[in-house]
Each structure stands twice: as structure tokens, then as C-alpha cells.
>>> print(open('structure.cif').read())   # mmCIF, N, CA and C atoms
data_entry
#
loop_
_atom_site.label_atom_id
_atom_site.label_comp_id
_atom_site.auth_asym_id
_atom_site.auth_seq_id
_atom_site.Cartn_x
_atom_site.Cartn_y
_atom_site.Cartn_z
N MET A 1 77.17 -58.97 -213.41
CA MET A 1 76.41 -58.08 -214.27
C MET A 1 77.37 -57.17 -215.03
N LYS A 2 77.25 -57.13 -216.32
CA LYS A 2 78.11 -56.32 -217.16
C LYS A 2 77.66 -54.87 -217.12
N GLU A 3 78.62 -53.97 -216.91
CA GLU A 3 78.30 -52.55 -216.87
C GLU A 3 78.25 -51.98 -218.27
N ASN A 4 77.37 -51.02 -218.46
CA ASN A 4 77.22 -50.35 -219.75
C ASN A 4 78.27 -49.25 -219.88
N THR A 5 79.19 -49.41 -220.80
CA THR A 5 80.24 -48.43 -221.01
C THR A 5 79.91 -47.60 -222.24
N ARG A 6 79.90 -46.28 -222.06
CA ARG A 6 79.70 -45.37 -223.18
C ARG A 6 81.06 -44.88 -223.66
N ILE A 7 81.17 -44.71 -224.96
CA ILE A 7 82.45 -44.35 -225.58
C ILE A 7 82.24 -43.16 -226.50
N ARG A 8 83.21 -42.25 -226.49
CA ARG A 8 83.21 -41.14 -227.45
C ARG A 8 84.61 -40.99 -228.00
N GLU A 9 84.69 -40.82 -229.31
CA GLU A 9 85.96 -40.62 -230.00
C GLU A 9 86.09 -39.14 -230.35
N ILE A 10 87.26 -38.57 -230.08
CA ILE A 10 87.55 -37.19 -230.41
C ILE A 10 88.89 -37.19 -231.14
N ASN A 11 89.00 -36.44 -232.18
CA ASN A 11 90.26 -36.31 -232.90
C ASN A 11 90.58 -34.83 -233.00
N ILE A 12 91.80 -34.47 -232.59
CA ILE A 12 92.23 -33.09 -232.73
C ILE A 12 93.57 -33.09 -233.45
N LEU A 13 93.92 -31.92 -233.95
CA LEU A 13 95.23 -31.74 -234.57
C LEU A 13 96.14 -31.05 -233.57
N SER A 14 97.42 -31.33 -233.68
CA SER A 14 98.41 -30.81 -232.74
C SER A 14 98.59 -29.31 -232.90
N ASP A 15 97.86 -28.59 -232.09
CA ASP A 15 97.92 -27.14 -232.06
C ASP A 15 97.37 -26.74 -230.69
N ILE A 16 98.13 -25.96 -229.96
CA ILE A 16 97.73 -25.53 -228.62
C ILE A 16 96.33 -24.91 -228.65
N ARG A 17 95.97 -24.27 -229.74
CA ARG A 17 94.63 -23.64 -229.84
C ARG A 17 93.51 -24.66 -229.82
N ASN A 18 93.80 -25.94 -230.04
CA ASN A 18 92.77 -26.97 -230.03
C ASN A 18 92.51 -27.56 -228.64
N LEU A 19 93.30 -27.18 -227.65
CA LEU A 19 93.12 -27.70 -226.30
C LEU A 19 91.78 -27.31 -225.71
N SER A 20 91.34 -26.09 -225.98
CA SER A 20 90.06 -25.62 -225.45
C SER A 20 88.91 -26.49 -225.96
N GLU A 21 88.93 -26.83 -227.24
CA GLU A 21 87.89 -27.69 -227.82
C GLU A 21 87.91 -29.07 -227.19
N ALA A 22 89.11 -29.61 -226.93
CA ALA A 22 89.20 -30.92 -226.29
C ALA A 22 88.60 -30.86 -224.88
N ARG A 23 88.93 -29.82 -224.12
CA ARG A 23 88.37 -29.67 -222.76
C ARG A 23 86.85 -29.57 -222.81
N THR A 24 86.34 -28.82 -223.77
CA THR A 24 84.89 -28.67 -223.92
C THR A 24 84.23 -30.00 -224.23
N GLN A 25 84.82 -30.77 -225.13
CA GLN A 25 84.26 -32.08 -225.50
C GLN A 25 84.27 -33.04 -224.32
N VAL A 26 85.33 -33.02 -223.52
CA VAL A 26 85.41 -33.89 -222.35
C VAL A 26 84.32 -33.51 -221.34
N SER A 27 84.19 -32.21 -221.06
CA SER A 27 83.15 -31.74 -220.14
C SER A 27 81.77 -32.14 -220.61
N ARG A 28 81.50 -31.91 -221.88
CA ARG A 28 80.20 -32.23 -222.46
C ARG A 28 79.89 -33.72 -222.30
N PHE A 29 80.86 -34.57 -222.62
CA PHE A 29 80.67 -36.01 -222.50
C PHE A 29 80.34 -36.41 -221.06
N LEU A 30 81.12 -35.92 -220.10
CA LEU A 30 80.90 -36.29 -218.70
C LEU A 30 79.56 -35.76 -218.18
N LEU A 31 79.20 -34.55 -218.57
CA LEU A 31 77.91 -34.00 -218.15
C LEU A 31 76.76 -34.78 -218.77
N GLU A 32 76.89 -35.14 -220.04
CA GLU A 32 75.85 -35.94 -220.71
C GLU A 32 75.68 -37.30 -220.04
N GLU A 33 76.77 -37.81 -219.48
CA GLU A 33 76.73 -39.12 -218.82
C GLU A 33 76.30 -39.02 -217.36
N GLY A 34 75.99 -37.82 -216.91
CA GLY A 34 75.44 -37.65 -215.57
C GLY A 34 76.44 -37.34 -214.47
N LEU A 35 77.70 -37.12 -214.81
CA LEU A 35 78.67 -36.74 -213.79
C LEU A 35 78.53 -35.24 -213.58
N ASP A 36 78.12 -34.85 -212.38
CA ASP A 36 77.89 -33.44 -212.14
C ASP A 36 78.79 -32.87 -211.04
N GLU A 37 79.87 -33.56 -210.74
CA GLU A 37 80.82 -33.09 -209.74
C GLU A 37 81.88 -32.23 -210.44
N SER A 38 81.74 -30.91 -210.33
CA SER A 38 82.60 -30.01 -211.09
C SER A 38 84.07 -30.16 -210.73
N GLN A 39 84.40 -30.46 -209.48
CA GLN A 39 85.81 -30.62 -209.11
C GLN A 39 86.41 -31.81 -209.83
N ILE A 40 85.70 -32.92 -209.89
CA ILE A 40 86.22 -34.11 -210.57
C ILE A 40 86.35 -33.84 -212.07
N ILE A 41 85.35 -33.18 -212.66
CA ILE A 41 85.43 -32.84 -214.09
C ILE A 41 86.64 -31.95 -214.34
N ASP A 42 86.86 -30.96 -213.47
CA ASP A 42 88.01 -30.06 -213.64
C ASP A 42 89.33 -30.81 -213.51
N GLU A 43 89.42 -31.77 -212.58
CA GLU A 43 90.63 -32.57 -212.43
C GLU A 43 90.90 -33.40 -213.68
N ILE A 44 89.86 -34.01 -214.21
CA ILE A 44 90.00 -34.82 -215.42
C ILE A 44 90.44 -33.94 -216.59
N LYS A 45 89.79 -32.80 -216.76
CA LYS A 45 90.14 -31.90 -217.87
C LYS A 45 91.58 -31.42 -217.75
N LEU A 46 92.03 -31.08 -216.54
CA LEU A 46 93.40 -30.62 -216.36
C LEU A 46 94.40 -31.72 -216.70
N ALA A 47 94.13 -32.94 -216.25
CA ALA A 47 95.04 -34.06 -216.56
C ALA A 47 95.13 -34.29 -218.07
N ILE A 48 93.98 -34.26 -218.74
CA ILE A 48 93.97 -34.46 -220.20
C ILE A 48 94.67 -33.29 -220.89
N ASP A 49 94.42 -32.09 -220.43
CA ASP A 49 95.06 -30.90 -221.00
C ASP A 49 96.59 -31.01 -220.89
N GLU A 50 97.07 -31.44 -219.73
CA GLU A 50 98.52 -31.61 -219.55
C GLU A 50 99.08 -32.68 -220.47
N ALA A 51 98.36 -33.80 -220.60
CA ALA A 51 98.82 -34.88 -221.49
C ALA A 51 98.86 -34.41 -222.94
N LEU A 52 97.81 -33.71 -223.38
CA LEU A 52 97.78 -33.21 -224.75
C LEU A 52 98.87 -32.17 -225.00
N THR A 53 99.09 -31.31 -224.02
CA THR A 53 100.16 -30.31 -224.14
C THR A 53 101.51 -31.00 -224.30
N ASN A 54 101.74 -32.05 -223.52
CA ASN A 54 103.00 -32.79 -223.64
C ASN A 54 103.14 -33.46 -225.01
N ILE A 55 102.03 -33.98 -225.53
CA ILE A 55 102.08 -34.58 -226.87
C ILE A 55 102.45 -33.52 -227.90
N ILE A 56 101.79 -32.37 -227.84
CA ILE A 56 102.05 -31.30 -228.80
C ILE A 56 103.48 -30.80 -228.68
N GLU A 57 103.92 -30.57 -227.45
CA GLU A 57 105.25 -29.99 -227.24
C GLU A 57 106.38 -31.00 -227.45
N HIS A 58 106.24 -32.18 -226.87
CA HIS A 58 107.36 -33.12 -226.87
C HIS A 58 107.28 -34.17 -227.98
N ALA A 59 106.12 -34.80 -228.15
CA ALA A 59 106.01 -35.85 -229.17
C ALA A 59 106.06 -35.24 -230.57
N TYR A 60 105.33 -34.13 -230.76
CA TYR A 60 105.27 -33.51 -232.09
C TYR A 60 106.16 -32.28 -232.21
N GLN A 61 106.81 -31.86 -231.15
CA GLN A 61 107.72 -30.72 -231.15
C GLN A 61 107.08 -29.49 -231.80
N PHE A 62 105.83 -29.22 -231.42
CA PHE A 62 105.04 -28.07 -231.88
C PHE A 62 104.74 -28.08 -233.38
N GLN A 63 104.91 -29.23 -234.04
CA GLN A 63 104.51 -29.32 -235.45
C GLN A 63 102.99 -29.34 -235.49
N GLU A 64 102.41 -28.39 -236.16
CA GLU A 64 100.95 -28.32 -236.24
C GLU A 64 100.42 -29.31 -237.28
N GLY A 65 99.18 -29.71 -237.09
CA GLY A 65 98.50 -30.56 -238.06
C GLY A 65 98.70 -32.05 -237.88
N LYS A 66 99.38 -32.46 -236.81
CA LYS A 66 99.57 -33.88 -236.54
C LYS A 66 98.36 -34.39 -235.74
N GLU A 67 97.98 -35.63 -235.98
CA GLU A 67 96.77 -36.18 -235.37
C GLU A 67 96.99 -36.65 -233.93
N ILE A 68 95.99 -36.36 -233.10
CA ILE A 68 95.91 -36.91 -231.75
C ILE A 68 94.52 -37.51 -231.62
N ASP A 69 94.47 -38.79 -231.32
CA ASP A 69 93.20 -39.49 -231.16
C ASP A 69 92.90 -39.62 -229.67
N ILE A 70 91.68 -39.27 -229.30
CA ILE A 70 91.25 -39.31 -227.91
C ILE A 70 90.02 -40.20 -227.83
N GLN A 71 90.07 -41.18 -226.96
CA GLN A 71 88.90 -42.03 -226.74
C GLN A 71 88.50 -41.89 -225.27
N LEU A 72 87.24 -41.54 -225.05
CA LEU A 72 86.69 -41.39 -223.70
C LEU A 72 85.78 -42.58 -223.43
N LYS A 73 85.91 -43.18 -222.25
CA LYS A 73 85.05 -44.30 -221.86
C LYS A 73 84.53 -44.03 -220.45
N PHE A 74 83.23 -44.25 -220.25
CA PHE A 74 82.63 -44.00 -218.94
C PHE A 74 81.57 -45.04 -218.66
N ASN A 75 81.65 -45.66 -217.48
CA ASN A 75 80.64 -46.66 -217.13
C ASN A 75 79.92 -46.32 -215.83
N GLY A 76 80.03 -45.08 -215.37
CA GLY A 76 79.39 -44.66 -214.14
C GLY A 76 80.28 -44.80 -212.92
N ARG A 77 81.20 -45.74 -212.95
CA ARG A 77 82.12 -45.96 -211.84
C ARG A 77 83.57 -45.64 -212.20
N ARG A 78 83.84 -45.63 -213.48
CA ARG A 78 85.21 -45.43 -213.93
C ARG A 78 85.21 -44.64 -215.23
N PHE A 79 86.06 -43.61 -215.27
CA PHE A 79 86.28 -42.84 -216.49
C PHE A 79 87.68 -43.16 -216.98
N THR A 80 87.78 -43.49 -218.27
CA THR A 80 89.06 -43.80 -218.88
C THR A 80 89.24 -42.93 -220.12
N VAL A 81 90.42 -42.38 -220.26
CA VAL A 81 90.77 -41.66 -221.49
C VAL A 81 92.00 -42.34 -222.08
N ILE A 82 91.95 -42.58 -223.39
CA ILE A 82 93.06 -43.19 -224.09
C ILE A 82 93.52 -42.22 -225.17
N LEU A 83 94.78 -41.85 -225.12
CA LEU A 83 95.36 -40.90 -226.07
C LEU A 83 96.34 -41.62 -226.97
N HIS A 84 96.22 -41.38 -228.28
CA HIS A 84 97.16 -41.95 -229.25
C HIS A 84 97.81 -40.80 -230.03
N ASP A 85 99.12 -40.88 -230.16
CA ASP A 85 99.84 -39.95 -231.03
C ASP A 85 100.87 -40.73 -231.81
N ARG A 86 101.36 -40.14 -232.86
CA ARG A 86 102.34 -40.79 -233.72
C ARG A 86 103.67 -40.03 -233.71
N GLY A 87 103.94 -39.40 -232.57
CA GLY A 87 105.16 -38.61 -232.44
C GLY A 87 106.25 -39.37 -231.71
N ARG A 88 107.22 -38.60 -231.20
CA ARG A 88 108.32 -39.20 -230.45
C ARG A 88 107.81 -39.70 -229.10
N SER A 89 108.34 -40.82 -228.66
CA SER A 89 107.98 -41.34 -227.35
C SER A 89 108.96 -40.77 -226.32
N PHE A 90 108.67 -41.05 -225.05
CA PHE A 90 109.57 -40.59 -224.00
C PHE A 90 109.61 -41.62 -222.88
N ALA A 91 110.61 -41.50 -222.03
CA ALA A 91 110.79 -42.43 -220.91
C ALA A 91 109.94 -41.93 -219.73
N TRP A 92 108.69 -42.34 -219.71
CA TRP A 92 107.72 -41.92 -218.70
C TRP A 92 108.26 -42.09 -217.28
N GLU A 93 108.87 -43.23 -217.03
CA GLU A 93 109.34 -43.55 -215.68
C GLU A 93 110.53 -42.71 -215.26
N LYS A 94 111.17 -42.02 -216.19
CA LYS A 94 112.35 -41.21 -215.87
C LYS A 94 112.04 -39.73 -215.70
N VAL A 95 110.78 -39.34 -215.82
CA VAL A 95 110.42 -37.93 -215.63
C VAL A 95 110.56 -37.61 -214.15
N PRO A 96 111.42 -36.64 -213.80
CA PRO A 96 111.65 -36.34 -212.38
C PRO A 96 110.47 -35.61 -211.74
N GLU A 97 110.33 -35.81 -210.43
CA GLU A 97 109.33 -35.05 -209.68
C GLU A 97 109.78 -33.59 -209.64
N PRO A 98 108.85 -32.65 -209.77
CA PRO A 98 109.26 -31.24 -209.70
C PRO A 98 109.70 -30.88 -208.28
N ASP A 99 110.60 -29.93 -208.18
CA ASP A 99 111.05 -29.39 -206.89
C ASP A 99 110.36 -28.05 -206.72
N PRO A 100 109.25 -28.01 -205.96
CA PRO A 100 108.46 -26.77 -205.86
C PRO A 100 109.26 -25.56 -205.41
N LYS A 101 110.11 -25.71 -204.42
CA LYS A 101 110.89 -24.56 -203.93
C LYS A 101 111.81 -24.02 -205.02
N ARG A 102 112.49 -24.93 -205.71
CA ARG A 102 113.39 -24.49 -206.79
C ARG A 102 112.61 -23.87 -207.93
N TYR A 103 111.48 -24.49 -208.30
CA TYR A 103 110.68 -23.97 -209.41
C TYR A 103 110.17 -22.57 -209.09
N VAL A 104 109.72 -22.33 -207.86
CA VAL A 104 109.25 -21.00 -207.48
C VAL A 104 110.40 -20.01 -207.49
N ARG A 105 111.53 -20.41 -206.92
CA ARG A 105 112.71 -19.55 -206.87
C ARG A 105 113.16 -19.16 -208.29
N GLU A 106 113.08 -20.12 -209.22
CA GLU A 106 113.50 -19.87 -210.60
C GLU A 106 112.39 -19.27 -211.46
N GLY A 107 111.18 -19.19 -210.90
CA GLY A 107 110.06 -18.66 -211.67
C GLY A 107 109.60 -19.60 -212.78
N ARG A 108 109.85 -20.89 -212.60
CA ARG A 108 109.47 -21.88 -213.63
C ARG A 108 107.98 -22.17 -213.57
N GLU A 109 107.38 -22.21 -214.74
CA GLU A 109 105.98 -22.59 -214.83
C GLU A 109 105.83 -23.94 -215.54
N ASP A 110 106.90 -24.44 -216.13
CA ASP A 110 106.83 -25.72 -216.83
C ASP A 110 107.31 -26.83 -215.90
N GLY A 111 107.18 -28.08 -216.36
CA GLY A 111 107.70 -29.20 -215.61
C GLY A 111 106.72 -29.82 -214.62
N TRP A 112 105.49 -29.33 -214.60
CA TRP A 112 104.49 -29.84 -213.66
C TRP A 112 103.55 -30.86 -214.28
N GLY A 113 103.56 -31.03 -215.60
CA GLY A 113 102.56 -31.83 -216.30
C GLY A 113 102.41 -33.26 -215.82
N VAL A 114 103.48 -34.01 -215.83
CA VAL A 114 103.40 -35.43 -215.44
C VAL A 114 103.03 -35.53 -213.96
N PHE A 115 103.59 -34.66 -213.12
CA PHE A 115 103.26 -34.63 -211.70
C PHE A 115 101.76 -34.41 -211.50
N LEU A 116 101.20 -33.43 -212.19
CA LEU A 116 99.77 -33.15 -212.08
C LEU A 116 98.94 -34.34 -212.56
N MET A 117 99.31 -34.90 -213.70
CA MET A 117 98.56 -36.04 -214.24
C MET A 117 98.53 -37.19 -213.24
N LYS A 118 99.69 -37.50 -212.65
CA LYS A 118 99.78 -38.61 -211.69
C LYS A 118 98.94 -38.34 -210.44
N ASN A 119 98.84 -37.07 -210.04
CA ASN A 119 98.13 -36.74 -208.82
C ASN A 119 96.64 -36.49 -209.03
N LEU A 120 96.23 -36.24 -210.26
CA LEU A 120 94.81 -36.00 -210.55
C LEU A 120 94.07 -37.26 -210.97
N MET A 121 94.79 -38.20 -211.55
CA MET A 121 94.17 -39.44 -212.02
C MET A 121 94.59 -40.59 -211.10
N ASP A 122 93.82 -41.66 -211.12
CA ASP A 122 94.09 -42.80 -210.23
C ASP A 122 95.07 -43.80 -210.84
N GLU A 123 95.07 -43.92 -212.14
CA GLU A 123 96.00 -44.82 -212.83
C GLU A 123 96.44 -44.18 -214.12
N ILE A 124 97.71 -44.37 -214.46
CA ILE A 124 98.22 -43.93 -215.76
C ILE A 124 99.15 -45.02 -216.27
N ILE A 125 98.90 -45.43 -217.49
CA ILE A 125 99.75 -46.43 -218.14
C ILE A 125 100.20 -45.83 -219.47
N TYR A 126 101.49 -45.86 -219.71
CA TYR A 126 102.04 -45.31 -220.96
C TYR A 126 102.70 -46.43 -221.74
N HIS A 127 102.30 -46.57 -223.00
CA HIS A 127 102.88 -47.56 -223.90
C HIS A 127 103.58 -46.81 -225.03
N PRO A 128 104.91 -46.63 -224.94
CA PRO A 128 105.61 -45.96 -226.04
C PRO A 128 105.73 -46.89 -227.24
N ASN A 129 105.66 -46.30 -228.39
CA ASN A 129 105.86 -47.04 -229.63
C ASN A 129 105.03 -48.30 -229.72
N LYS A 130 103.76 -48.20 -229.40
CA LYS A 130 102.86 -49.36 -229.51
C LYS A 130 102.40 -49.43 -230.96
N GLY A 131 103.05 -50.26 -231.72
CA GLY A 131 102.76 -50.32 -233.15
C GLY A 131 103.25 -49.05 -233.81
N GLU A 132 102.34 -48.33 -234.42
CA GLU A 132 102.70 -47.08 -235.11
C GLU A 132 102.43 -45.86 -234.26
N HIS A 133 102.08 -46.05 -232.99
CA HIS A 133 101.73 -44.89 -232.18
C HIS A 133 102.12 -45.09 -230.71
N ASN A 134 102.09 -43.99 -229.97
CA ASN A 134 102.23 -44.03 -228.52
C ASN A 134 100.83 -44.03 -227.94
N GLU A 135 100.68 -44.67 -226.80
CA GLU A 135 99.37 -44.74 -226.16
C GLU A 135 99.50 -44.42 -224.68
N MET A 136 98.64 -43.51 -224.21
CA MET A 136 98.56 -43.22 -222.79
C MET A 136 97.13 -43.50 -222.34
N VAL A 137 97.00 -44.28 -221.27
CA VAL A 137 95.71 -44.62 -220.70
C VAL A 137 95.66 -44.00 -219.31
N MET A 138 94.66 -43.17 -219.06
CA MET A 138 94.48 -42.55 -217.75
C MET A 138 93.10 -42.92 -217.23
N VAL A 139 93.04 -43.30 -215.95
CA VAL A 139 91.79 -43.76 -215.33
C VAL A 139 91.49 -42.94 -214.09
N LYS A 140 90.23 -42.58 -213.95
CA LYS A 140 89.73 -41.91 -212.74
C LYS A 140 88.57 -42.75 -212.23
N TYR A 141 88.70 -43.26 -210.98
CA TYR A 141 87.64 -44.05 -210.37
C TYR A 141 86.65 -43.11 -209.69
N LEU A 142 85.37 -43.42 -209.86
CA LEU A 142 84.31 -42.60 -209.31
C LEU A 142 83.52 -43.38 -208.28
N GLU A 143 82.42 -42.88 -207.84
CA GLU A 143 81.63 -43.47 -206.75
C GLU A 143 81.61 -44.99 -206.78
N GLY A 144 82.02 -45.57 -205.67
CA GLY A 144 82.00 -47.02 -205.56
C GLY A 144 83.18 -47.71 -206.21
N GLY A 145 83.94 -46.99 -207.01
CA GLY A 145 85.08 -47.59 -207.67
C GLY A 145 86.33 -47.51 -206.81
N LYS A 146 87.37 -48.15 -207.25
CA LYS A 146 88.66 -48.13 -206.55
C LYS A 146 89.24 -46.72 -206.62
N ARG A 147 89.69 -46.17 -205.52
CA ARG A 147 90.29 -44.84 -205.47
C ARG A 147 91.72 -44.92 -204.95
N ARG A 148 92.47 -43.87 -205.18
CA ARG A 148 93.83 -43.77 -204.64
C ARG A 148 93.80 -43.83 -203.15
#
>>> encode(input="structure.cif", output="C-alpha cells")
Amino acid sequence: MKENTRIREINILSDIRNLSEARTQVSRFLLEEGLDESQIIDEIKLAIDEALTNIIEHAYQFQEGKEIDIQLKFNGRRFTVILHDRGRSFAWEKVPEPDPKRYVREGREDGWGVFLMKNLMDEIIYHPNKGEHNEMVMVKYLEGGKRR
């Protein structure tokens, strides 16, 4: 039996001030689709927020007005977000794990993004330079679906 997948497209421009709107749109989509588990919604929003922040900071180097395409897919058992940017790519597999003791000692607040994304979502696939853009696919499995 084929599952009914709902899709929503969101486009934002690279500006930290647009992160709030992206989080709102993600929440609205999940609530409209019947997901009412606030902890899971918060985890998904945080992972997306971290990914978008990395795109703005690293791929676009804080250049405002660059496009970020967000596609949300939900079928009741699995939520998928696909992010496309046209900025610089990075070596996803080479991002080091944060050292919590050192980060606290140094008062660092940065460097947690990839770690949080990996721990909040069940799957992450990054395709650098896929055609004219970079693509990140993040998946969260829900009731009855495959979990970490």
C-alpha cells in the first residue's frame, strides 16, 4: 500500500532574521499534518535551524539575499526535509565532534550544529555540489517507523 506523502516548499533568503519564519513554517506544517508531539517538533525545528544557520554562515558567508530552498515531506511515519543552497560546500564527514569540556572551559557557543543535527535526526545525507547546488537531506522517523 502506497503511503500518502504531503509536501510543502519553503524558500527563504540567507539572513539570520529569516530563521524564525522557517521555524514557524515547519511547526505549522507538522501541526497541520497531525503531529502533536511538541518535543519531536522542537527537535526537528532545532536541527533545521542549525542546518540553515550553517548554510547562511558557511555556504553563503553571511551574504544576505541568497536563496535557500526547503522542501518538507511527511507521510505520517517519516518526516524528511531537503535543503538546497548554491553556496560553498564543505566536507561533512570531516566536521569534528565537539569537546564539551573544552568548549565550556573556553566559553564557546559555536561548533555544536552538526553534532546537534546528527543527534536530533535519524538520518542525514549531504550531497555537496550536486549540479548547481548543495543538498542536505534529513530524516526523522516517527511512530512505527525506523528509529535510531
>>> closest_residue(input="structure.cif", among="A:Ile10, A:Ala91, A:Val104, A:Ile41", to="Ala59 (chain A)", atoms="only C-alpha atoms")
A:Ala91
>>> closest_residue(input="structure.cif", among="A:Asp42, A:Asp15, A:Glu93, A:Glu106", to="His127 (chain A)", atoms="only C-alpha atoms")
A:Glu93
>>> closest_residue(input="structure.cif", among="A:Glu43, A:Glu143, A:Val114, A:Arg8", to="Phe74 (chain A)", atoms="all atoms listed in the file")
A:Arg8
>>> resolve_selection(input="structure.cif", expression="the PyMOL selection byres ((chain A and resi 80) around 7)", output="short mmCIF file (atom, residue, chain, number, x, y, z; two decimals) with N, CA and C atoms, keeping the file's coordinate frame")
data_model
loop_
_atom_site.label_atom_id
_atom_site.label_comp_id
_atom_site.auth_asym_id
_atom_site.auth_seq_id
_atom_site.Cartn_x
_atom_site.Cartn_y
_atom_site.Cartn_z
N GLN A 71 90.07 -41.18 -226.96
CA GLN A 71 88.90 -42.03 -226.74
C GLN A 71 88.50 -41.89 -225.27
N LEU A 72 87.24 -41.54 -225.05
CA LEU A 72 86.69 -41.39 -223.70
C LEU A 72 85.78 -42.58 -223.43
N LYS A 73 85.91 -43.18 -222.25
CA LYS A 73 85.05 -44.30 -221.86
C LYS A 73 84.53 -44.03 -220.45
N PHE A 74 83.23 -44.25 -220.25
CA PHE A 74 82.63 -44.00 -218.94
C PHE A 74 81.57 -45.04 -218.66
N ASN A 75 81.65 -45.66 -217.48
CA ASN A 75 80.64 -46.66 -217.13
C ASN A 75 79.92 -46.32 -215.83
N ARG A 78 83.84 -45.63 -213.48
CA ARG A 78 85.21 -45.43 -213.93
C ARG A 78 85.21 -44.64 -215.23
N PHE A 79 86.06 -43.61 -215.27
CA PHE A 79 86.28 -42.84 -216.49
C PHE A 79 87.68 -43.16 -216.98
N VAL A 81 90.42 -42.38 -220.26
CA VAL A 81 90.77 -41.66 -221.49
C VAL A 81 92.00 -42.34 -222.08
N ILE A 82 91.95 -42.58 -223.39
CA ILE A 82 93.06 -43.19 -224.09
C ILE A 82 93.52 -42.22 -225.17
N VAL A 137 97.00 -44.28 -221.27
CA VAL A 137 95.71 -44.62 -220.70
C VAL A 137 95.66 -44.00 -219.31
N MET A 138 94.66 -43.17 -219.06
CA MET A 138 94.48 -42.55 -217.75
C MET A 138 93.10 -42.92 -217.23
N VAL A 139 93.04 -43.30 -215.95
CA VAL A 139 91.79 -43.76 -215.33
C VAL A 139 91.49 -42.94 -214.09
N LYS A 140 90.23 -42.58 -213.95
CA LYS A 140 89.73 -41.91 -212.74
C LYS A 140 88.57 -42.75 -212.23
#
>>> closest_residue(input="structure.cif", among="A:Arg77, A:Lys45, A:Arg102, A:His133", to="Ser27 (chain A)", atoms="all atoms listed in the file")
A:Lys45
>>> atom_distance(input="structure.cif", atom1="CA of Ala22 (chain A)", atom2="atom N of Asn129 (chain A)")
22.6 Å
>>> atom_distance(input="structure.cif", atom1="CA of Val26 (chain A)", atom2="CA of Met136 (chain A)")
16.1 Å
>>> select_by_dssp(input="structure.cif", residues="chain A", states="alpha helix (DSSP H)", output="NGL selection string")
:A and (19-32 or 38-54 or 100-106 or 113-120)
>>> resolve_selection(input="structure.cif", expression="the PyMOL selection byres ((chain A and resi 69) around 7)", output="NGL selection string")
:A and (9-12 or 67-68 or 70-71 or 82-85)
>>> atom_distance(input="structure.cif", atom1="atom C of His58 (chain A)", atom2="atom C of Pro100 (chain A)")
24.2 Å
>>> decode(input="structure.cif", residues="region 7-29 of chain A", atoms="C-alpha atoms", output="PDB file, in the first residue's frame")
ATOM      1  CA  ILE A   7       4.915  18.128   0.560  1.00  0.00           C
ATOM      2  CA  ARG A   8       5.475  21.802   1.289  1.00  0.00           C
ATOM      3  CA  GLU A   9       8.015  24.070  -0.374  1.00  0.00           C
ATOM      4  CA  ILE A  10       9.513  26.994   1.541  1.00  0.00           C
ATOM      5  CA  ASN A  11      12.001  29.474   0.162  1.00  0.00           C
ATOM      6  CA  ILE A  12      13.930  31.878   2.349  1.00  0.00           C
ATOM      7  CA  LEU A  13      16.751  34.300   1.757  1.00  0.00           C
ATOM      8  CA  SER A  14      20.056  33.968   3.581  1.00  0.00           C
ATOM      9  CA  ASP A  15      19.561  36.204   6.572  1.00  0.00           C
ATOM     10  CA  ILE A  16      19.614  35.087  10.206  1.00  0.00           C
ATOM     11  CA  ARG A  17      16.406  37.109  10.718  1.00  0.00           C
ATOM     12  CA  ASN A  18      14.584  34.640   8.431  1.00  0.00           C
ATOM     13  CA  LEU A  19      15.241  31.627  10.686  1.00  0.00           C
ATOM     14  CA  SER A  20      12.220  32.410  12.852  1.00  0.00           C
ATOM     15  CA  GLU A  21       9.905  32.323   9.819  1.00  0.00           C
ATOM     16  CA  ALA A  22      11.386  28.984   8.719  1.00  0.00           C
ATOM     17  CA  ARG A  23      10.812  27.503  12.208  1.00  0.00           C
ATOM     18  CA  THR A  24       7.234  28.799  12.189  1.00  0.00           C
ATOM     19  CA  GLN A  25       6.542  27.289   8.762  1.00  0.00           C
ATOM     20  CA  VAL A  26       7.959  23.905   9.824  1.00  0.00           C
ATOM     21  CA  SER A  27       5.847  23.880  13.009  1.00  0.00           C
ATOM     22  CA  ARG A  28       2.727  24.875  11.107  1.00  0.00           C
ATOM     23  CA  PHE A  29       3.257  22.131   8.515  1.00  0.00           C
TER      24      PHE A  29
END
